[in-house]
$ cat final_11.cif   # mmCIF, C-alpha atoms and all ligand atoms
data_input
#
loop_
_atom_site.label_atom_id
_atom_site.label_comp_id
_atom_site.auth_asym_id
_atom_site.auth_seq_id
_atom_site.Cartn_x
_atom_site.Cartn_y
_atom_site.Cartn_z
CA MET L 1 -13.40 82.39 -49.02
CA ALA L 2 -14.85 85.91 -49.34
CA GLU L 3 -15.64 85.10 -52.97
CA ALA L 4 -17.45 81.89 -51.99
CA LEU L 5 -19.49 83.81 -49.39
CA ALA L 6 -20.41 86.58 -51.83
CA HIS L 7 -22.00 84.05 -54.19
CA ALA L 8 -24.20 82.29 -51.60
CA PRO L 9 -27.97 82.56 -52.12
CA SER L 10 -30.01 84.32 -49.45
CA VAL L 11 -33.59 85.42 -48.97
CA HIS L 12 -34.05 88.74 -50.85
CA ASN L 13 -30.24 88.69 -51.23
CA THR L 14 -29.95 90.10 -47.70
CA ARG L 15 -26.67 88.18 -47.10
CA PRO L 16 -27.39 88.20 -43.36
CA TRP L 17 -23.99 86.90 -42.21
CA ARG L 18 -20.52 87.98 -41.13
CA LEU L 19 -17.45 85.76 -41.24
CA ALA L 20 -14.42 86.30 -39.03
CA GLY L 21 -11.48 84.03 -38.40
CA ASP L 22 -7.90 83.77 -37.27
CA GLY L 23 -6.90 80.72 -39.35
CA ARG L 24 -7.53 78.30 -36.45
CA VAL L 25 -11.27 78.86 -36.27
CA PHE L 26 -13.76 80.71 -38.45
CA GLU L 27 -16.97 82.08 -36.94
CA LEU L 28 -20.11 82.70 -38.99
CA ARG L 29 -22.35 85.21 -37.24
CA VAL L 30 -25.76 86.70 -38.01
CA ASP L 31 -25.84 90.30 -39.18
CA ALA L 32 -29.03 91.36 -37.38
CA ARG L 33 -29.31 94.58 -39.43
CA ARG L 34 -30.42 92.43 -42.36
CA ARG L 35 -33.24 90.53 -40.66
CA LEU L 36 -36.61 90.50 -42.44
CA THR L 37 -38.90 90.92 -39.45
CA ALA L 38 -42.16 90.79 -41.45
CA THR L 39 -41.29 88.20 -44.10
CA ASP L 40 -39.25 85.96 -41.81
CA PRO L 41 -40.23 86.82 -38.21
CA ASP L 42 -38.70 83.65 -36.71
CA ASP L 43 -35.37 84.02 -38.60
CA ARG L 44 -35.94 80.60 -40.18
CA GLU L 45 -34.95 81.77 -43.67
CA LEU L 46 -32.12 83.82 -42.24
CA ARG L 47 -30.71 80.55 -40.88
CA ILE L 48 -31.36 78.74 -44.18
CA SER L 49 -29.39 81.51 -45.92
CA CYS L 50 -26.56 81.20 -43.37
CA GLY L 51 -26.53 77.41 -43.92
CA ALA L 52 -26.06 77.98 -47.66
CA ALA L 53 -23.17 80.37 -46.94
CA LEU L 54 -21.65 77.82 -44.56
CA LEU L 55 -21.56 75.14 -47.25
CA ASN L 56 -19.74 77.54 -49.59
CA VAL L 57 -17.13 78.29 -46.93
CA SER L 58 -16.56 74.61 -46.18
CA LEU L 59 -16.17 73.88 -49.93
CA ALA L 60 -13.63 76.72 -50.19
CA LEU L 61 -11.66 75.14 -47.34
CA ALA L 62 -11.96 71.70 -48.97
CA VAL L 63 -10.49 72.85 -52.30
CA GLY L 64 -7.73 74.55 -50.30
CA GLY L 65 -6.84 71.04 -49.09
CA ARG L 66 -8.37 71.17 -45.59
CA ARG L 67 -11.23 69.19 -44.07
CA SER L 68 -13.29 71.29 -41.66
CA LEU L 69 -15.01 70.48 -38.40
CA VAL L 70 -18.32 72.32 -38.41
CA GLY L 71 -20.16 73.19 -35.20
CA LEU L 72 -23.76 74.41 -35.61
CA LEU L 73 -24.99 76.95 -33.02
CA PRO L 74 -22.10 75.90 -30.78
CA ASP L 75 -22.66 78.41 -27.95
CA PRO L 76 -26.15 78.73 -26.40
CA THR L 77 -25.05 81.95 -24.66
CA SER L 78 -24.22 83.53 -28.04
CA PRO L 79 -27.29 83.06 -30.29
CA GLY L 80 -25.82 85.27 -33.04
CA LEU L 81 -22.99 82.77 -33.50
CA VAL L 82 -24.41 80.51 -36.21
CA ALA L 83 -21.50 78.16 -36.75
CA THR L 84 -17.81 77.57 -36.26
CA LEU L 85 -15.51 75.95 -38.81
CA ARG L 86 -12.19 74.58 -37.64
CA PRO L 87 -9.77 73.66 -40.42
CA ALA L 88 -8.73 70.06 -39.65
CA GLU L 89 -6.54 67.50 -41.42
CA HIS L 90 -4.96 68.13 -44.81
CA MET L 91 -6.62 66.14 -47.56
CA ALA L 92 -6.96 66.56 -51.33
CA PRO L 93 -10.48 67.61 -52.36
CA THR L 94 -12.74 64.97 -53.87
CA PRO L 95 -13.83 65.38 -57.53
CA GLU L 96 -17.32 66.20 -56.22
CA GLU L 97 -16.03 68.98 -53.93
CA THR L 98 -14.00 70.39 -56.82
CA ALA L 99 -17.04 70.34 -59.14
CA LEU L 100 -19.35 71.93 -56.55
CA HIS L 101 -16.80 74.61 -55.68
CA ALA L 102 -16.36 75.46 -59.38
CA ALA L 103 -20.15 75.84 -59.61
CA ILE L 104 -20.31 78.48 -56.83
CA PRO L 105 -19.73 81.55 -59.07
CA LEU L 106 -21.77 80.05 -61.94
CA ARG L 107 -24.97 79.44 -59.95
CA ARG L 108 -27.69 82.08 -60.36
CA SER L 109 -31.38 82.16 -59.57
CA HIS L 110 -32.94 81.45 -62.95
CA ARG L 111 -36.38 83.06 -63.04
CA LEU L 112 -36.92 82.76 -66.78
CA PRO L 113 -39.01 79.97 -68.32
CA PHE L 114 -37.16 76.69 -68.79
CA ALA L 115 -36.74 74.78 -72.05
CA ASP L 116 -39.36 72.12 -72.70
CA ARG L 117 -37.01 69.25 -71.80
CA PRO L 118 -37.29 67.04 -68.71
CA VAL L 119 -34.61 66.60 -66.05
CA SER L 120 -33.30 63.03 -66.42
CA GLY L 121 -33.79 60.33 -63.81
CA SER L 122 -30.05 60.14 -63.07
CA HIS L 123 -29.91 63.89 -62.47
CA ARG L 124 -32.95 63.73 -60.21
CA MET L 125 -31.24 60.97 -58.24
CA LEU L 126 -28.10 63.11 -57.80
CA LEU L 127 -30.19 66.03 -56.53
CA ARG L 128 -31.86 63.82 -53.94
CA ARG L 129 -28.51 62.40 -52.92
CA ALA L 130 -27.17 65.97 -52.49
CA ALA L 131 -29.87 66.78 -49.93
CA GLU L 132 -29.47 63.44 -48.18
CA THR L 133 -25.72 64.07 -47.81
CA GLU L 134 -26.76 66.85 -45.40
CA GLY L 135 -29.34 64.62 -43.67
CA VAL L 136 -32.24 66.48 -45.30
CA TRP L 137 -35.38 65.19 -47.05
CA LEU L 138 -35.94 66.00 -50.72
CA HIS L 139 -39.14 65.13 -52.52
CA ALA L 140 -39.74 65.50 -56.28
CA VAL L 141 -43.35 66.44 -56.95
CA HIS L 142 -44.69 64.48 -59.92
CA GLU L 143 -48.33 63.68 -59.14
CA PRO L 144 -50.63 66.11 -61.00
CA ALA L 145 -52.96 66.38 -57.98
CA GLU L 146 -50.06 67.23 -55.66
CA ARG L 147 -48.73 69.83 -58.11
CA ARG L 148 -52.20 71.40 -58.28
CA ARG L 149 -52.35 71.62 -54.48
CA LEU L 150 -48.90 73.23 -54.32
CA ARG L 151 -49.87 75.69 -57.03
CA ALA L 152 -52.98 76.65 -55.08
CA LEU L 153 -50.88 77.12 -51.91
CA LEU L 154 -48.41 79.29 -53.82
CA THR L 155 -51.23 81.50 -55.10
CA THR L 156 -52.75 81.80 -51.61
CA ALA L 157 -49.37 82.61 -50.05
CA HIS L 158 -48.65 85.22 -52.69
CA ARG L 159 -52.05 86.90 -52.08
CA ARG L 160 -51.60 86.88 -48.29
CA GLN L 161 -48.15 88.44 -48.59
CA TRP L 162 -49.27 91.07 -51.05
CA ALA L 163 -52.05 92.09 -48.66
CA ASP L 164 -49.56 92.45 -45.77
CA PRO L 165 -48.12 96.00 -45.48
CA GLY L 166 -45.09 94.70 -43.52
CA PHE L 167 -44.19 92.23 -46.26
CA ARG L 168 -44.73 94.89 -48.95
CA ALA L 169 -42.47 97.36 -47.16
CA GLU L 170 -39.64 94.80 -47.02
CA TRP L 171 -40.31 93.89 -50.63
CA GLU L 172 -40.00 97.54 -51.66
CA ARG L 173 -36.82 97.92 -49.65
CA TRP L 174 -34.98 94.78 -50.80
CA THR L 175 -36.03 94.18 -54.41
CA GLY L 176 -35.99 96.12 -57.68
CA ARG L 177 -32.52 97.43 -56.80
CA PRO L 178 -30.38 99.15 -59.41
CA ASP L 179 -27.52 97.19 -60.96
CA GLY L 180 -24.25 97.22 -59.01
CA GLU L 181 -25.72 97.11 -55.48
CA PRO L 182 -24.27 94.30 -53.36
CA TYR L 183 -27.45 93.63 -51.33
CA GLY L 184 -31.05 93.12 -52.41
CA VAL L 185 -32.42 91.72 -55.67
CA ARG L 186 -31.63 93.67 -58.84
CA ALA L 187 -34.59 94.57 -61.07
CA ASP L 188 -33.04 92.70 -64.01
CA ALA L 189 -32.51 89.54 -61.91
CA GLY L 190 -36.22 88.90 -62.16
CA GLY L 191 -36.01 87.94 -65.81
CA ALA L 192 -39.29 89.29 -67.11
CA PRO L 193 -42.42 90.40 -65.22
CA PRO L 194 -44.63 87.37 -64.47
CA GLN L 195 -47.46 86.79 -66.94
CA HIS L 196 -50.93 85.44 -66.25
CA ASN L 197 -49.85 81.98 -67.47
CA ASP L 198 -46.81 81.75 -65.15
CA VAL L 199 -47.62 78.97 -62.78
CA TRP L 200 -44.58 78.86 -60.50
CA MET L 201 -43.19 82.39 -60.89
CA VAL L 202 -45.60 84.80 -59.28
CA ARG L 203 -43.18 87.19 -57.58
CA ASP L 204 -42.41 90.23 -59.67
CA PHE L 205 -38.79 91.06 -58.84
CA THR L 206 -38.69 93.52 -61.74
CA HIS L 207 -40.98 96.10 -60.07
CA GLY L 208 -42.66 96.43 -63.42
CA THR L 209 -39.42 97.40 -65.20
CA PRO L 210 -39.96 96.35 -68.82
CA PRO L 211 -37.39 93.84 -70.12
CA ALA L 212 -34.37 95.48 -71.79
CA ASP L 213 -34.39 95.60 -75.60
CA GLY L 214 -34.03 92.11 -76.98
CA ALA L 215 -34.66 90.45 -73.59
CA PRO L 216 -37.28 87.72 -73.58
CA ALA L 217 -40.81 88.16 -72.32
CA ALA L 218 -41.74 85.69 -69.60
CA GLY L 219 -43.68 83.45 -71.97
CA HIS L 220 -44.93 80.04 -70.95
CA ASP L 221 -42.90 78.01 -68.43
CA PRO L 222 -43.21 74.31 -69.31
CA GLU L 223 -43.75 72.12 -66.25
CA PRO L 224 -40.45 72.33 -64.32
CA LEU L 225 -39.07 69.72 -61.95
CA LEU L 226 -40.38 70.81 -58.57
CA LEU L 227 -38.58 69.81 -55.36
CA VAL L 228 -39.65 70.15 -51.74
CA ILE L 229 -36.83 70.33 -49.19
CA GLY L 230 -37.82 69.36 -45.66
CA THR L 231 -36.38 68.46 -42.29
CA SER L 232 -37.51 66.11 -39.52
CA THR L 233 -37.55 68.87 -36.87
CA ASP L 234 -38.12 72.62 -37.04
CA LEU L 235 -35.26 73.52 -34.71
CA PRO L 236 -32.70 76.22 -35.58
CA THR L 237 -30.02 73.61 -36.36
CA ALA L 238 -32.45 71.96 -38.82
CA HIS L 239 -32.80 75.31 -40.62
CA LEU L 240 -29.02 75.53 -40.99
CA ARG L 241 -28.93 71.95 -42.29
CA ALA L 242 -31.73 72.79 -44.73
CA GLY L 243 -29.65 75.73 -46.00
CA MET L 244 -26.59 73.52 -46.49
CA ALA L 245 -28.76 70.98 -48.31
CA LEU L 246 -30.43 73.67 -50.43
CA GLN L 247 -27.05 74.99 -51.53
CA ARG L 248 -25.67 71.49 -52.18
CA VAL L 249 -28.72 70.79 -54.37
CA LEU L 250 -28.38 74.12 -56.23
CA LEU L 251 -24.64 73.63 -56.80
CA THR L 252 -25.13 70.02 -57.89
CA ALA L 253 -27.73 71.18 -60.40
CA THR L 254 -25.42 73.94 -61.68
CA ALA L 255 -22.52 71.49 -61.99
CA LEU L 256 -24.80 69.19 -64.01
CA GLY L 257 -25.69 72.07 -66.36
CA LEU L 258 -29.18 72.63 -64.90
CA ALA L 259 -30.79 75.92 -63.87
CA THR L 260 -32.68 76.54 -60.62
CA SER L 261 -34.70 79.02 -58.63
CA VAL L 262 -36.09 78.97 -55.09
CA ILE L 263 -39.80 79.35 -54.29
CA SER L 264 -40.44 80.25 -50.67
CA ALA L 265 -43.81 82.01 -50.39
CA PRO L 266 -45.71 78.80 -49.40
CA THR L 267 -43.23 78.08 -46.59
CA GLU L 268 -43.15 81.74 -45.45
CA VAL L 269 -46.88 82.17 -44.81
CA ARG L 270 -48.04 80.45 -41.60
CA GLU L 271 -51.35 79.22 -43.06
CA THR L 272 -49.83 77.65 -46.20
CA ARG L 273 -46.91 76.15 -44.26
CA ALA L 274 -49.46 74.48 -41.97
CA ALA L 275 -51.20 73.10 -45.08
CA LEU L 276 -47.85 71.68 -46.24
CA ALA L 277 -47.46 70.00 -42.84
CA ARG L 278 -50.86 68.35 -43.35
CA MET L 279 -49.84 67.24 -46.87
CA TYR L 280 -46.51 65.69 -45.93
CA GLY L 281 -47.27 64.48 -42.42
CA PRO L 282 -46.00 65.32 -38.94
CA GLY L 283 -42.44 64.03 -39.57
CA VAL L 284 -41.68 66.55 -42.33
CA HIS L 285 -41.19 70.29 -41.92
CA ALA L 286 -41.15 71.82 -45.41
CA GLN L 287 -38.42 74.47 -45.54
CA VAL L 288 -38.31 75.62 -49.15
CA LEU L 289 -39.33 74.65 -52.71
CA VAL L 290 -36.96 74.56 -55.69
CA ARG L 291 -37.75 74.80 -59.39
CA VAL L 292 -35.24 72.97 -61.66
CA GLY L 293 -34.92 72.71 -65.43
CA HIS L 294 -32.80 73.36 -68.49
CA ALA L 295 -32.23 77.06 -69.18
CA ALA L 296 -33.83 78.07 -72.45
CA ARG L 297 -31.76 81.29 -72.43
CA PRO L 298 -28.95 82.49 -70.18
CA GLU L 299 -29.85 84.36 -66.99
CA PRO L 300 -28.66 88.01 -67.03
CA GLY L 301 -25.75 88.93 -64.80
CA PRO L 302 -21.96 88.62 -64.70
CA ASP L 303 -20.45 85.12 -64.59
CA ALA L 304 -23.82 83.38 -64.79
CA GLY L 305 -23.82 80.25 -66.86
CA THR L 306 -23.13 76.58 -66.97
CA PRO L 307 -19.79 74.83 -66.58
CA ASP L 308 -17.71 74.36 -69.75
CA ARG L 309 -17.80 70.63 -69.15
CA PRO L 310 -20.81 69.75 -66.99
CA TRP L 311 -20.11 67.33 -64.17
CA ARG L 312 -21.48 63.85 -64.80
CA GLY L 313 -21.78 62.87 -61.16
CA PRO L 314 -20.21 59.91 -59.41
CA ALA L 315 -20.11 56.62 -61.32
CA LEU L 316 -22.66 54.99 -59.05
CA ALA L 317 -25.36 57.40 -60.22
CA ARG L 318 -24.89 56.45 -63.86
CA THR L 319 -25.31 52.77 -63.16
CA GLY L 320 -28.35 53.21 -60.90
CA PRO L 321 -31.72 51.64 -61.75
CA ASP L 322 -33.25 54.65 -63.48
CA ALA L 323 -30.05 56.15 -64.87
CA ASP L 324 -30.72 58.19 -68.00
CA ARG L 325 -34.45 57.64 -67.81
CA PRO L 326 -36.19 61.02 -68.23
C1 LIG S 401 -34.35 81.05 -47.97
C2 LIG S 401 -34.41 81.60 -49.39
C3 LIG S 401 -35.65 81.94 -49.94
C4 LIG S 401 -35.72 82.43 -51.26
N1 LIG S 401 -36.95 82.69 -51.83
C5 LIG S 401 -37.04 83.03 -53.13
C6 LIG S 401 -38.31 83.16 -53.79
O1 LIG S 401 -39.37 82.94 -53.19
N2 LIG S 401 -38.32 83.50 -55.10
C7 LIG S 401 -37.16 83.71 -55.81
O2 LIG S 401 -37.22 83.99 -57.00
N3 LIG S 401 -35.93 83.61 -55.21
C8 LIG S 401 -35.86 83.26 -53.90
N4 LIG S 401 -34.63 83.10 -53.30
C9 LIG S 401 -33.42 83.37 -54.07
C10 LIG S 401 -32.79 84.72 -53.68
O3 LIG S 401 -33.62 85.79 -54.09
C11 LIG S 401 -31.41 84.79 -54.35
O4 LIG S 401 -30.59 83.77 -53.83
C12 LIG S 401 -30.71 86.12 -54.13
O5 LIG S 401 -31.43 87.16 -54.71
C13 LIG S 401 -29.28 86.10 -54.74
O6 LIG S 401 -29.35 85.89 -56.13
P1 LIG S 401 -28.69 84.61 -56.82
O7 LIG S 401 -29.38 83.39 -56.28
O8 LIG S 401 -28.92 84.82 -58.29
O9 LIG S 401 -27.22 84.61 -56.45
C14 LIG S 401 -34.53 82.61 -52.01
C15 LIG S 401 -33.28 82.26 -51.43
C16 LIG S 401 -33.23 81.75 -50.15
C17 LIG S 401 -31.88 81.34 -49.57
#
$ encode --input "final_11.cif" --output "structure tokens"
Amino acid sequence: MAEALAHAPSVHNTRPWRLAGDGRVFELRVDARRRLTATDPDDRELRISCGAALLNVSLALAVGGRRSLVGLLPDPTSPGLVATLRPAEHMAPTPEETALHAAIPLRRSHRLPFADRPVSGSHRMLLRRAAETEGVWLHAVHEPAERRRLRALLTTAHRRQWADPGFRAEWERWTGRPDGEPYGVRADAGGAPPQHNDVWMVRDFTHGTPPADGAPAAGHDPEPLLLVIGTSTDLPTAHLRAGMALQRVLLTATALGLATSVISAPTEVRETRAALARMYGPGVHAQVLVRVGHAARPEPGPDAGTPDRPWRGPALARTGPDADRP
């Protein structure tokens, strides 16, 4: 379970959680020392990160042969208590749970350009189904005009954040970390410094560190599959659900042999998040964007990679109307 937690994605790799348990009940609590008060003043992304961790823990219980009863924010008098998991009846894991659990240590944020190869229709369908399993909305952005608007929002958000001393201070503190540190984003996890032609990768996690000898330059990123993950309310429980959905989508992609990275600047900046609300309507609260594609080269870092035998998804997906259509 500790292993599953250690591999969960989190904003700036802050890992803002603590897990304690006595075998009858596990409690996931916020570690307030790792809040990002400038980047994430409302703790929305902290809760998304905790939701991702929660999914990993429940998958670890599932492959151990136990269902779990999950309670989200179960005690209003204890706001730091994010969730409880109570191991329930014994049951063999499903093939999907086994595949997603196996993907936990293989998943990595892939910030390098993708190969020029589209994500197939059947894979797109499985990614949407993954989000919907958690009751969360997932939208694939195909329309050129919509992609242009999102690109413009990303650029605006990036500029606003870069002009904000509070954001910059947290950026300095949590990114560009040396190898071997458990928290924060390592300099080499950024792939290569963003280039002027990078459309979706504007954050420079490398702190200007030149790529190691033989490592690729950023180069041109062909149009990736771009997903918007959203919820019908903006309540704290919705943020946890969004995190569970985000992680289910990322693990599903990894199990299918796809690579992913999260894009959150447009949902972090108040002004651009409000623009997203106007784009998608009052019933959708955009929580995070995800970039998906086929890795052109492996992401640096231990254990990163794709499964030996990528999961093919449940049979129903392969017989669906647009199965195998790119
Ligand atoms: C809520 C949230 C927001 C994130 N925002 C970004 C982002 O804007 N850009 C990015 O490259 N990675 C982003 N990430 C990915 C984290 O940086 C990453 O999960 C963390 O550094 C751990 O690395 P790993 O995903 O390779 O395990 C985000 C992750 C979460 C959960």
$ closest_residue --input "final_11.cif" --among "L:Met244, L:Leu150, L:Ala131, L:Leu235" --to "Ile263 of chain L" --atoms "all atoms listed in the file"
L:Leu150
$ atom_distance --input "final_11.cif" --atom1 "atom CA of Leu19 of chain L" --atom2 "atom CA of Val290 of chain L"
26.7 Å
$ closest_residue --input "final_11.cif" --among "L:Arg117, L:His239, L:Arg67, L:His12" --to "ligand LIG 401 (chain S)" --atoms "all atoms listed in the file"
L:His12
$ residues_near_ligand --input "final_11.cif" --ligand "ligand LIG 401 (chain S)" --cutoff "6 Å" --atoms "all atoms listed in the file" --output "MDAnalysis selection string"
chainID L and resid 7 9:13 45 48:49 108:109 185 261:265
$ closest_residue --input "final_11.cif" --among "L:Ala52, L:Ala4, L:Ala187, L:Leu69" --to "Val25 of chain L" --atoms "all atoms listed in the file"
L:Leu69
$ atom_distance --input "final_11.cif" --atom1 "atom CA of Val141 of chain L" --atom2 "atom CA of Ile229 of chain L"
10.9 Å
$ residues_around --input "final_11.cif" --residues "Leu5 of chain L" --least-positions-apart "6" --cutoff "12 Å" --atoms "all atoms listed in the file" --output "list in words"
Asn13, Arg15, Pro16, Trp17, Arg18, Leu19, Ala20, Leu28, Ser49, Cys50, Gly51, Ala52, Ala53, Leu54, Leu55, Asn56, Val57, Ser58, Leu59, Ala60, Leu61, His101, Ile104, Pro105 and Gln247 of chain L
$ residues_around --input "final_11.cif" --residues "Tyr280 of chain L" --least-positions-apart "5" --cutoff "12 Å" --atoms "all atoms listed in the file" --output "number ranges by chain"
L: 137-139, 141, 146, 149-150, 228-232, 273-275, 285-287
$ write_last_selection --input "final_11.cif" --atoms "C-alpha atoms" --output "short mmCIF file (atom, residue, chain, number, x, y, z; two decimals), in the coordinates of the input"
data_model
loop_
_atom_site.label_atom_id
_atom_site.label_comp_id
_atom_site.auth_asym_id
_atom_site.auth_seq_id
_atom_site.Cartn_x
_atom_site.Cartn_y
_atom_site.Cartn_z
CA TRP L 137 -35.38 65.19 -47.05
CA LEU L 138 -35.94 66.00 -50.72
CA HIS L 139 -39.14 65.13 -52.52
CA VAL L 141 -43.35 66.44 -56.95
CA GLU L 146 -50.06 67.23 -55.66
CA ARG L 149 -52.35 71.62 -54.48
CA LEU L 150 -48.90 73.23 -54.32
CA VAL L 228 -39.65 70.15 -51.74
CA ILE L 229 -36.83 70.33 -49.19
CA GLY L 230 -37.82 69.36 -45.66
CA THR L 231 -36.38 68.46 -42.29
CA SER L 232 -37.51 66.11 -39.52
CA ARG L 273 -46.91 76.15 -44.26
CA ALA L 274 -49.46 74.48 -41.97
CA ALA L 275 -51.20 73.10 -45.08
CA HIS L 285 -41.19 70.29 -41.92
CA ALA L 286 -41.15 71.82 -45.41
CA GLN L 287 -38.42 74.47 -45.54
#
$ atom_distance --input "final_11.cif" --atom1 "atom CA of Glu143 of chain L" --atom2 "atom CA of Pro118 of chain L"
15.0 Å
$ residues_around --input "final_11.cif" --residues "segment 128-130 of chain L" --least-positions-apart "3" --cutoff "9 Å" --atoms "all atoms listed in the file" --output "PyMOL selection string"
chain L and resi 123-125+133-134+136-140+245-246+248-249+252
$ closest_residue --input "final_11.cif" --among "L:Gly243, L:Pro41, L:Pro307, L:Pro93" --to "Val63 of chain L" --atoms "all atoms listed in the file"
L:Pro93
$ residues_near_point --input "final_11.cif" --point "(-38.7, 73.1, -61.1)" --cutoff "8 Å" --atoms "only C-alpha atoms" --output "list of chain:residue names"
L:Glu223, L:Pro224, L:Leu225, L:Leu226, L:Leu227, L:Thr260, L:Ser261, L:Val290, L:Arg291, L:Val292, L:Gly293
$ closest_residue --input "final_11.cif" --among "L:Pro144, L:Thr155, L:Leu106, L:Thr267" --to "Pro310 of chain L" --atoms "all atoms listed in the file"
L:Leu106
$ closest_residue --input "final_11.cif" --among "L:Arg159, L:Asp234, L:Pro76, L:Thr254" --to "Val284 of chain L" --atoms "all atoms listed in the file"
L:Asp234
$ decode --input "final_11.cif" --residues "segment 153-169 of chain L" --atoms "N, CA, C and O atoms" --output "PDB file, in the first residue's frame"
ATOM      1  N   LEU L 153      -5.676  30.181 -23.647  1.00  0.00           N
ATOM      2  CA  LEU L 153      -5.873  30.229 -22.193  1.00  0.00           C
ATOM      3  C   LEU L 153      -4.631  29.723 -21.462  1.00  0.00           C
ATOM      4  O   LEU L 153      -4.236  30.256 -20.421  1.00  0.00           O
ATOM      5  N   LEU L 154      -4.007  28.692 -22.028  1.00  0.00           N
ATOM      6  CA  LEU L 154      -2.793  28.149 -21.406  1.00  0.00           C
ATOM      7  C   LEU L 154      -1.685  29.207 -21.402  1.00  0.00           C
ATOM      8  O   LEU L 154      -0.992  29.407 -20.396  1.00  0.00           O
ATOM      9  N   THR L 155      -1.543  29.904 -22.520  1.00  0.00           N
ATOM     10  CA  THR L 155      -0.504  30.942 -22.606  1.00  0.00           C
ATOM     11  C   THR L 155      -0.791  32.061 -21.605  1.00  0.00           C
ATOM     12  O   THR L 155       0.104  32.517 -20.887  1.00  0.00           O
ATOM     13  N   THR L 156      -2.060  32.487 -21.543  1.00  0.00           N
ATOM     14  CA  THR L 156      -2.423  33.551 -20.591  1.00  0.00           C
ATOM     15  C   THR L 156      -2.142  33.104 -19.160  1.00  0.00           C
ATOM     16  O   THR L 156      -1.545  33.843 -18.361  1.00  0.00           O
ATOM     17  N   ALA L 157      -2.563  31.872 -18.832  1.00  0.00           N
ATOM     18  CA  ALA L 157      -2.378  31.375 -17.459  1.00  0.00           C
ATOM     19  C   ALA L 157      -0.894  31.323 -17.114  1.00  0.00           C
ATOM     20  O   ALA L 157      -0.479  31.722 -16.019  1.00  0.00           O
ATOM     21  N   HIS L 158      -0.108  30.840 -18.057  1.00  0.00           N
ATOM     22  CA  HIS L 158       1.335  30.731 -17.825  1.00  0.00           C
ATOM     23  C   HIS L 158       1.927  32.114 -17.553  1.00  0.00           C
ATOM     24  O   HIS L 158       2.709  32.294 -16.614  1.00  0.00           O
ATOM     25  N   ARG L 159       1.505  33.119 -18.340  1.00  0.00           N
ATOM     26  CA  ARG L 159       2.039  34.487 -18.153  1.00  0.00           C
ATOM     27  C   ARG L 159       1.626  35.039 -16.790  1.00  0.00           C
ATOM     28  O   ARG L 159       2.429  35.640 -16.092  1.00  0.00           O
ATOM     29  N   ARG L 160       0.343  34.850 -16.434  1.00  0.00           N
ATOM     30  CA  ARG L 160      -0.141  35.360 -15.135  1.00  0.00           C
ATOM     31  C   ARG L 160       0.670  34.732 -14.004  1.00  0.00           C
ATOM     32  O   ARG L 160       1.071  35.402 -13.058  1.00  0.00           O
ATOM     33  N   GLN L 161       0.879  33.428 -14.090  1.00  0.00           N
ATOM     34  CA  GLN L 161       1.597  32.750 -12.995  1.00  0.00           C
ATOM     35  C   GLN L 161       3.042  33.217 -12.925  1.00  0.00           C
ATOM     36  O   GLN L 161       3.578  33.426 -11.843  1.00  0.00           O
ATOM     37  N   TRP L 162       3.641  33.399 -14.077  1.00  0.00           N
ATOM     38  CA  TRP L 162       5.059  33.792 -14.084  1.00  0.00           C
ATOM     39  C   TRP L 162       5.245  35.199 -13.531  1.00  0.00           C
ATOM     40  O   TRP L 162       6.305  35.533 -13.016  1.00  0.00           O
ATOM     41  N   ALA L 163       4.172  36.011 -13.631  1.00  0.00           N
ATOM     42  CA  ALA L 163       4.253  37.385 -13.114  1.00  0.00           C
ATOM     43  C   ALA L 163       3.895  37.451 -11.625  1.00  0.00           C
ATOM     44  O   ALA L 163       3.925  38.524 -11.030  1.00  0.00           O
ATOM     45  N   ASP L 164       3.540  36.318 -11.030  1.00  0.00           N
ATOM     46  CA  ASP L 164       3.082  36.289  -9.634  1.00  0.00           C
ATOM     47  C   ASP L 164       4.233  35.809  -8.733  1.00  0.00           C
ATOM     48  O   ASP L 164       4.640  34.641  -8.810  1.00  0.00           O
ATOM     49  N   PRO L 165       4.759  36.699  -7.866  1.00  0.00           N
ATOM     50  CA  PRO L 165       5.913  36.310  -7.037  1.00  0.00           C
ATOM     51  C   PRO L 165       5.607  35.111  -6.127  1.00  0.00           C
ATOM     52  O   PRO L 165       6.491  34.293  -5.868  1.00  0.00           O
ATOM     53  N   GLY L 166       4.351  34.994  -5.665  1.00  0.00           N
ATOM     54  CA  GLY L 166       3.987  33.862  -4.798  1.00  0.00           C
ATOM     55  C   GLY L 166       4.099  32.546  -5.552  1.00  0.00           C
ATOM     56  O   GLY L 166       4.664  31.565  -5.052  1.00  0.00           O
ATOM     57  N   PHE L 167       3.566  32.535  -6.778  1.00  0.00           N
ATOM     58  CA  PHE L 167       3.659  31.325  -7.601  1.00  0.00           C
ATOM     59  C   PHE L 167       5.123  30.988  -7.866  1.00  0.00           C
ATOM     60  O   PHE L 167       5.554  29.839  -7.745  1.00  0.00           O
ATOM     61  N   ARG L 168       5.911  32.036  -8.214  1.00  0.00           N
ATOM     62  CA  ARG L 168       7.328  31.793  -8.562  1.00  0.00           C
ATOM     63  C   ARG L 168       8.090  31.226  -7.371  1.00  0.00           C
ATOM     64  O   ARG L 168       8.951  30.365  -7.524  1.00  0.00           O
ATOM     65  N   ALA L 169       7.767  31.732  -6.172  1.00  0.00           N
ATOM     66  CA  ALA L 169       8.484  31.239  -4.988  1.00  0.00           C
ATOM     67  C   ALA L 169       8.184  29.746  -4.779  1.00  0.00           C
ATOM     68  O   ALA L 169       9.086  28.954  -4.479  1.00  0.00           O
TER      69      ALA L 169
END
